[in-house]
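Worksheet: one structure, shown below.
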Amino acid sequence: MKPADLLMQHEAAWRTATRHPFLDSVRDGTLAPQSFATWLVQDYHFVGYEFAVQVHLLLSAPRSAQNLLIRNVAALEAELTWFEAQAKELKLSLSTSPHPVTAAYGAFMRTFEELPFAAAMTATWAIERAYLEAWQNALPGQPMYREYIERWTNPGFASFVGELEQATALALESGGADKEAEAAFLEVAELEHKFWDMAWSGAAHR
Ligand code: HMH
């Protein structure tokens, strides 16, 4: 099994992960400020969890994936700094509690430690691939969201996601982890969908 097979075989699930009224509203400029604020604060929490999980994954990664995973960890740390600056500019507090959906995503990512490396790598790729496609679906987007859209649609990010896909394909080559990899992929698709729903509803975050 290859990563591309997962995208094809689970096209419907993947669509719900990467197409959403939230993204349509980023595109047409009708997004409620509360929804955007919810997304921003919850995504900050999400990236914090993802960072910690990726540090762990790096420790158990095969030699061939270490360079790529180090760059992923560095990118996630830079993303936390970026989110902190965005939040400051918009006067949003980041010291709020994670929404249950965000917490569930964090709990899922912490299971990567128990998964075969190929399955953890599949999920790692799927998480980034989901954001690449989701924000591409918001293009060109309203000027006020330009920086956000750019972050996950720029060619550098797209090629990084391509590298994650290659490393995932390599890890999956032996075929021993296909079942776990497929389950992890589907879990990412579902959690991405729930994450957009949560942001869209503009759930209060205290
Ligand atoms: C919910 N999925 C979510 N947030 C992100 N920042 C990414 C994926 C990409 O890192």
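By convention here, the chains of the structure tokens are called A, B, ... in the order presented, each chain's residues are numbered starting at 1, and ligands are numbered starting at 1 in the order presented.
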Next on the checklist: Please identify all protein, DNA and RNA residues within 6 Å of ligand 1, counting only C-alpha atoms and all ligand atoms, and report them as an NGL selection string.
Outcome noted: :A and (43 or 47 or 127-128 or 131 or 192 or 195)
Only C-alpha atoms, please: the residues just picked out, written as a compact mmCIF listing (two decimals), in the first residue's frame.
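The new file selection02.txt reads:
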# COMPACT_ATOMS: atom_id res chain seq x y z
CA ASP A 43 -4.84 25.09 16.57
CA VAL A 47 0.39 22.21 17.39
CA ILE A 127 -2.02 15.55 9.24
CA GLU A 128 0.14 17.86 7.13
CA TYR A 131 -3.82 21.17 6.00
CA GLU A 192 -9.70 16.91 10.90
CA PHE A 195 -11.72 20.08 14.16
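For A:Ser159, the list of residues within 12 Å, based on only C-alpha atoms and with local chain neighbours fewer than 4 positions off taken out, reads Leu68, Trp125, Glu128, Arg129, Leu132, Trp152, Thr153, Asn154, Pro155, Glu163, Leu164, Glu165 and Gln166 of chain A.
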Selection to disk with N, CA and C atoms, as a PDB file, in the first residue's frame:
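again_13.pdb written:
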ATOM      1  N   LEU A  68      14.302  14.405   8.092  1.00  0.00           N
ATOM      2  CA  LEU A  68      12.980  14.938   7.780  1.00  0.00           C
ATOM      3  C   LEU A  68      12.190  15.230   9.057  1.00  0.00           C
ATOM      4  N   TRP A 125       2.136  12.229   8.034  1.00  0.00           N
ATOM      5  CA  TRP A 125       1.961  12.762   6.672  1.00  0.00           C
ATOM      6  C   TRP A 125       0.514  13.246   6.458  1.00  0.00           C
ATOM      7  N   GLU A 128      -0.374  16.718   7.887  1.00  0.00           N
ATOM      8  CA  GLU A 128       0.138  17.864   7.126  1.00  0.00           C
ATOM      9  C   GLU A 128      -0.528  17.963   5.757  1.00  0.00           C
ATOM     10  N   ARG A 129      -0.738  16.824   5.146  1.00  0.00           N
ATOM     11  CA  ARG A 129      -1.409  16.793   3.838  1.00  0.00           C
ATOM     12  C   ARG A 129      -2.832  17.367   3.946  1.00  0.00           C
ATOM     13  N   LEU A 132      -2.529  21.122   3.948  1.00  0.00           N
ATOM     14  CA  LEU A 132      -2.179  21.603   2.602  1.00  0.00           C
ATOM     15  C   LEU A 132      -3.433  21.685   1.730  1.00  0.00           C
ATOM     16  N   TRP A 152       0.156  27.472   4.636  1.00  0.00           N
ATOM     17  CA  TRP A 152      -0.050  26.048   4.338  1.00  0.00           C
ATOM     18  C   TRP A 152      -0.248  25.756   2.844  1.00  0.00           C
ATOM     19  N   THR A 153      -0.056  26.785   2.002  1.00  0.00           N
ATOM     20  CA  THR A 153      -0.182  26.534   0.558  1.00  0.00           C
ATOM     21  C   THR A 153       1.087  26.906  -0.212  1.00  0.00           C
ATOM     22  N   ASN A 154       2.083  27.457   0.496  1.00  0.00           N
ATOM     23  CA  ASN A 154       3.273  27.885  -0.250  1.00  0.00           C
ATOM     24  C   ASN A 154       4.014  26.651  -0.790  1.00  0.00           C
ATOM     25  N   PRO A 155       4.771  26.844  -1.888  1.00  0.00           N
ATOM     26  CA  PRO A 155       5.427  25.708  -2.548  1.00  0.00           C
ATOM     27  C   PRO A 155       6.395  24.951  -1.628  1.00  0.00           C
ATOM     28  N   GLU A 163       7.785  15.257   0.690  1.00  0.00           N
ATOM     29  CA  GLU A 163       8.860  14.487   1.347  1.00  0.00           C
ATOM     30  C   GLU A 163       8.286  13.564   2.413  1.00  0.00           C
ATOM     31  N   LEU A 164       7.295  14.067   3.148  1.00  0.00           N
ATOM     32  CA  LEU A 164       6.642  13.210   4.159  1.00  0.00           C
ATOM     33  C   LEU A 164       5.965  12.014   3.478  1.00  0.00           C
ATOM     34  N   GLU A 165       5.386  12.277   2.316  1.00  0.00           N
ATOM     35  CA  GLU A 165       4.723  11.188   1.585  1.00  0.00           C
ATOM     36  C   GLU A 165       5.739  10.130   1.139  1.00  0.00           C
ATOM     37  N   GLN A 166       6.875  10.590   0.652  1.00  0.00           N
ATOM     38  CA  GLN A 166       7.937   9.652   0.222  1.00  0.00           C
ATOM     39  C   GLN A 166       8.443   8.810   1.373  1.00  0.00           C
TER      40      GLN A 166
END
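For the atom pair formed by atom CA of A:Ala103 and atom CA of A:Leu115, the distance is 19.2 Å, given to one decimal.
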Next on the checklist: Can you pull out the residues contacting A:His20? Cut-off 9 Å, using only C-alpha atoms, and skip same-chain residues under 5 positions away; I want them as a ChimeraX atom specification.
Outcome noted: /A:15,25,134,137,193,196-197,200
Write the selection just made, keeping all heavy atoms, as a compact mmCIF listing (two decimals), in the first residue's frame?
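Output file selection03.txt is given in full below:
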# COMPACT_ATOMS: atom_id res chain seq x y z
N ARG A 15 -12.41 13.95 1.74
CA ARG A 15 -13.08 15.20 1.35
C ARG A 15 -13.65 15.92 2.57
O ARG A 15 -13.58 17.14 2.67
CB ARG A 15 -14.17 14.92 0.31
CG ARG A 15 -14.63 16.18 -0.39
CD ARG A 15 -15.58 15.93 -1.57
NE ARG A 15 -15.15 14.86 -2.43
CZ ARG A 15 -15.79 13.69 -2.57
NH1 ARG A 15 -16.91 13.46 -1.91
NH2 ARG A 15 -15.34 12.77 -3.39
N SER A 25 -15.76 29.99 3.86
CA SER A 25 -15.94 31.33 4.42
C SER A 25 -14.62 32.10 4.50
O SER A 25 -14.62 33.32 4.46
CB SER A 25 -16.55 31.24 5.82
OG SER A 25 -17.73 30.49 5.78
N ALA A 134 -6.67 21.50 2.64
CA ALA A 134 -7.74 22.32 3.22
C ALA A 134 -7.54 23.78 2.87
O ALA A 134 -8.45 24.46 2.38
CB ALA A 134 -7.80 22.13 4.74
N ASN A 137 -8.04 24.74 -0.62
CA ASN A 137 -9.46 24.88 -0.93
C ASN A 137 -10.02 26.25 -0.53
O ASN A 137 -11.14 26.59 -0.88
CB ASN A 137 -10.27 23.76 -0.29
CG ASN A 137 -10.06 22.43 -1.02
OD1 ASN A 137 -9.85 22.42 -2.23
ND2 ASN A 137 -10.11 21.33 -0.30
N HIS A 193 -12.01 16.59 10.27
CA HIS A 193 -13.39 17.03 10.04
C HIS A 193 -13.99 17.60 11.32
O HIS A 193 -14.60 18.68 11.32
CB HIS A 193 -14.22 15.84 9.53
CG HIS A 193 -15.67 16.17 9.39
ND1 HIS A 193 -16.13 17.04 8.44
CD2 HIS A 193 -16.74 15.77 10.11
CE1 HIS A 193 -17.45 17.16 8.56
NE2 HIS A 193 -17.84 16.40 9.56
N TRP A 196 -12.65 21.10 12.14
CA TRP A 196 -13.29 22.20 11.39
C TRP A 196 -14.68 22.47 11.94
O TRP A 196 -15.10 23.62 12.06
CB TRP A 196 -13.36 21.88 9.90
CG TRP A 196 -12.02 21.87 9.20
CD1 TRP A 196 -11.48 20.84 8.48
CD2 TRP A 196 -11.06 22.94 9.14
NE1 TRP A 196 -10.25 21.20 7.98
CE2 TRP A 196 -9.96 22.47 8.37
CE3 TRP A 196 -11.01 24.24 9.66
CZ2 TRP A 196 -8.83 23.27 8.12
CZ3 TRP A 196 -9.88 25.02 9.42
CH2 TRP A 196 -8.82 24.54 8.65
N ASP A 197 -15.41 21.42 12.24
CA ASP A 197 -16.75 21.60 12.83
C ASP A 197 -16.68 22.40 14.13
O ASP A 197 -17.48 23.30 14.37
CB ASP A 197 -17.39 20.23 13.17
CG ASP A 197 -18.11 19.61 11.97
OD1 ASP A 197 -18.23 20.28 10.91
OD2 ASP A 197 -18.54 18.44 12.10
N TRP A 200 -15.84 26.00 13.37
CA TRP A 200 -16.99 26.61 12.69
C TRP A 200 -18.08 26.99 13.67
O TRP A 200 -18.72 28.03 13.57
CB TRP A 200 -17.50 25.63 11.64
CG TRP A 200 -18.66 26.06 10.82
CD1 TRP A 200 -19.87 25.41 10.72
CD2 TRP A 200 -18.75 27.18 9.92
NE1 TRP A 200 -20.68 26.06 9.83
CE2 TRP A 200 -20.02 27.15 9.32
CE3 TRP A 200 -17.86 28.20 9.57
CZ2 TRP A 200 -20.45 28.10 8.40
CZ3 TRP A 200 -18.29 29.18 8.66
CH2 TRP A 200 -19.55 29.11 8.09
Checklist entry - How would you write, as an NGL selection string, the set of residues in chain A that DSSP gives as helix (DSSP H, G or I)? => result :A and (3-9 or 11-18 or 21-28 or 33-60 or 63-89 or 100-114 or 117-136 or 143-153 or 155-172 or 178-200)
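Distance-wise, atom CA of A:Ala177 and atom CA of A:Lys2 end up 11.4 Å apart.
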Checklist entry - Excluding same-chain residues fewer than 6 positions from A:Gln9, what lies within 12 Å of it counting only C-alpha atoms, as a VMD selection string? => result chain A and resid 1 to 3 15 182 185 to 186
Item to check | Selected residue of minimal separation from A:Phe157 among A:Ser35, A:Asn72, A:Thr96, A:Ser60, counting only C-alpha atoms | outcome: A:Asn72
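Among the candidates A:Ala37, A:Leu59, A:Val53, A:Ala118, the one nearest to A:Ala87 when counting only C-alpha atoms is A:Ala37.
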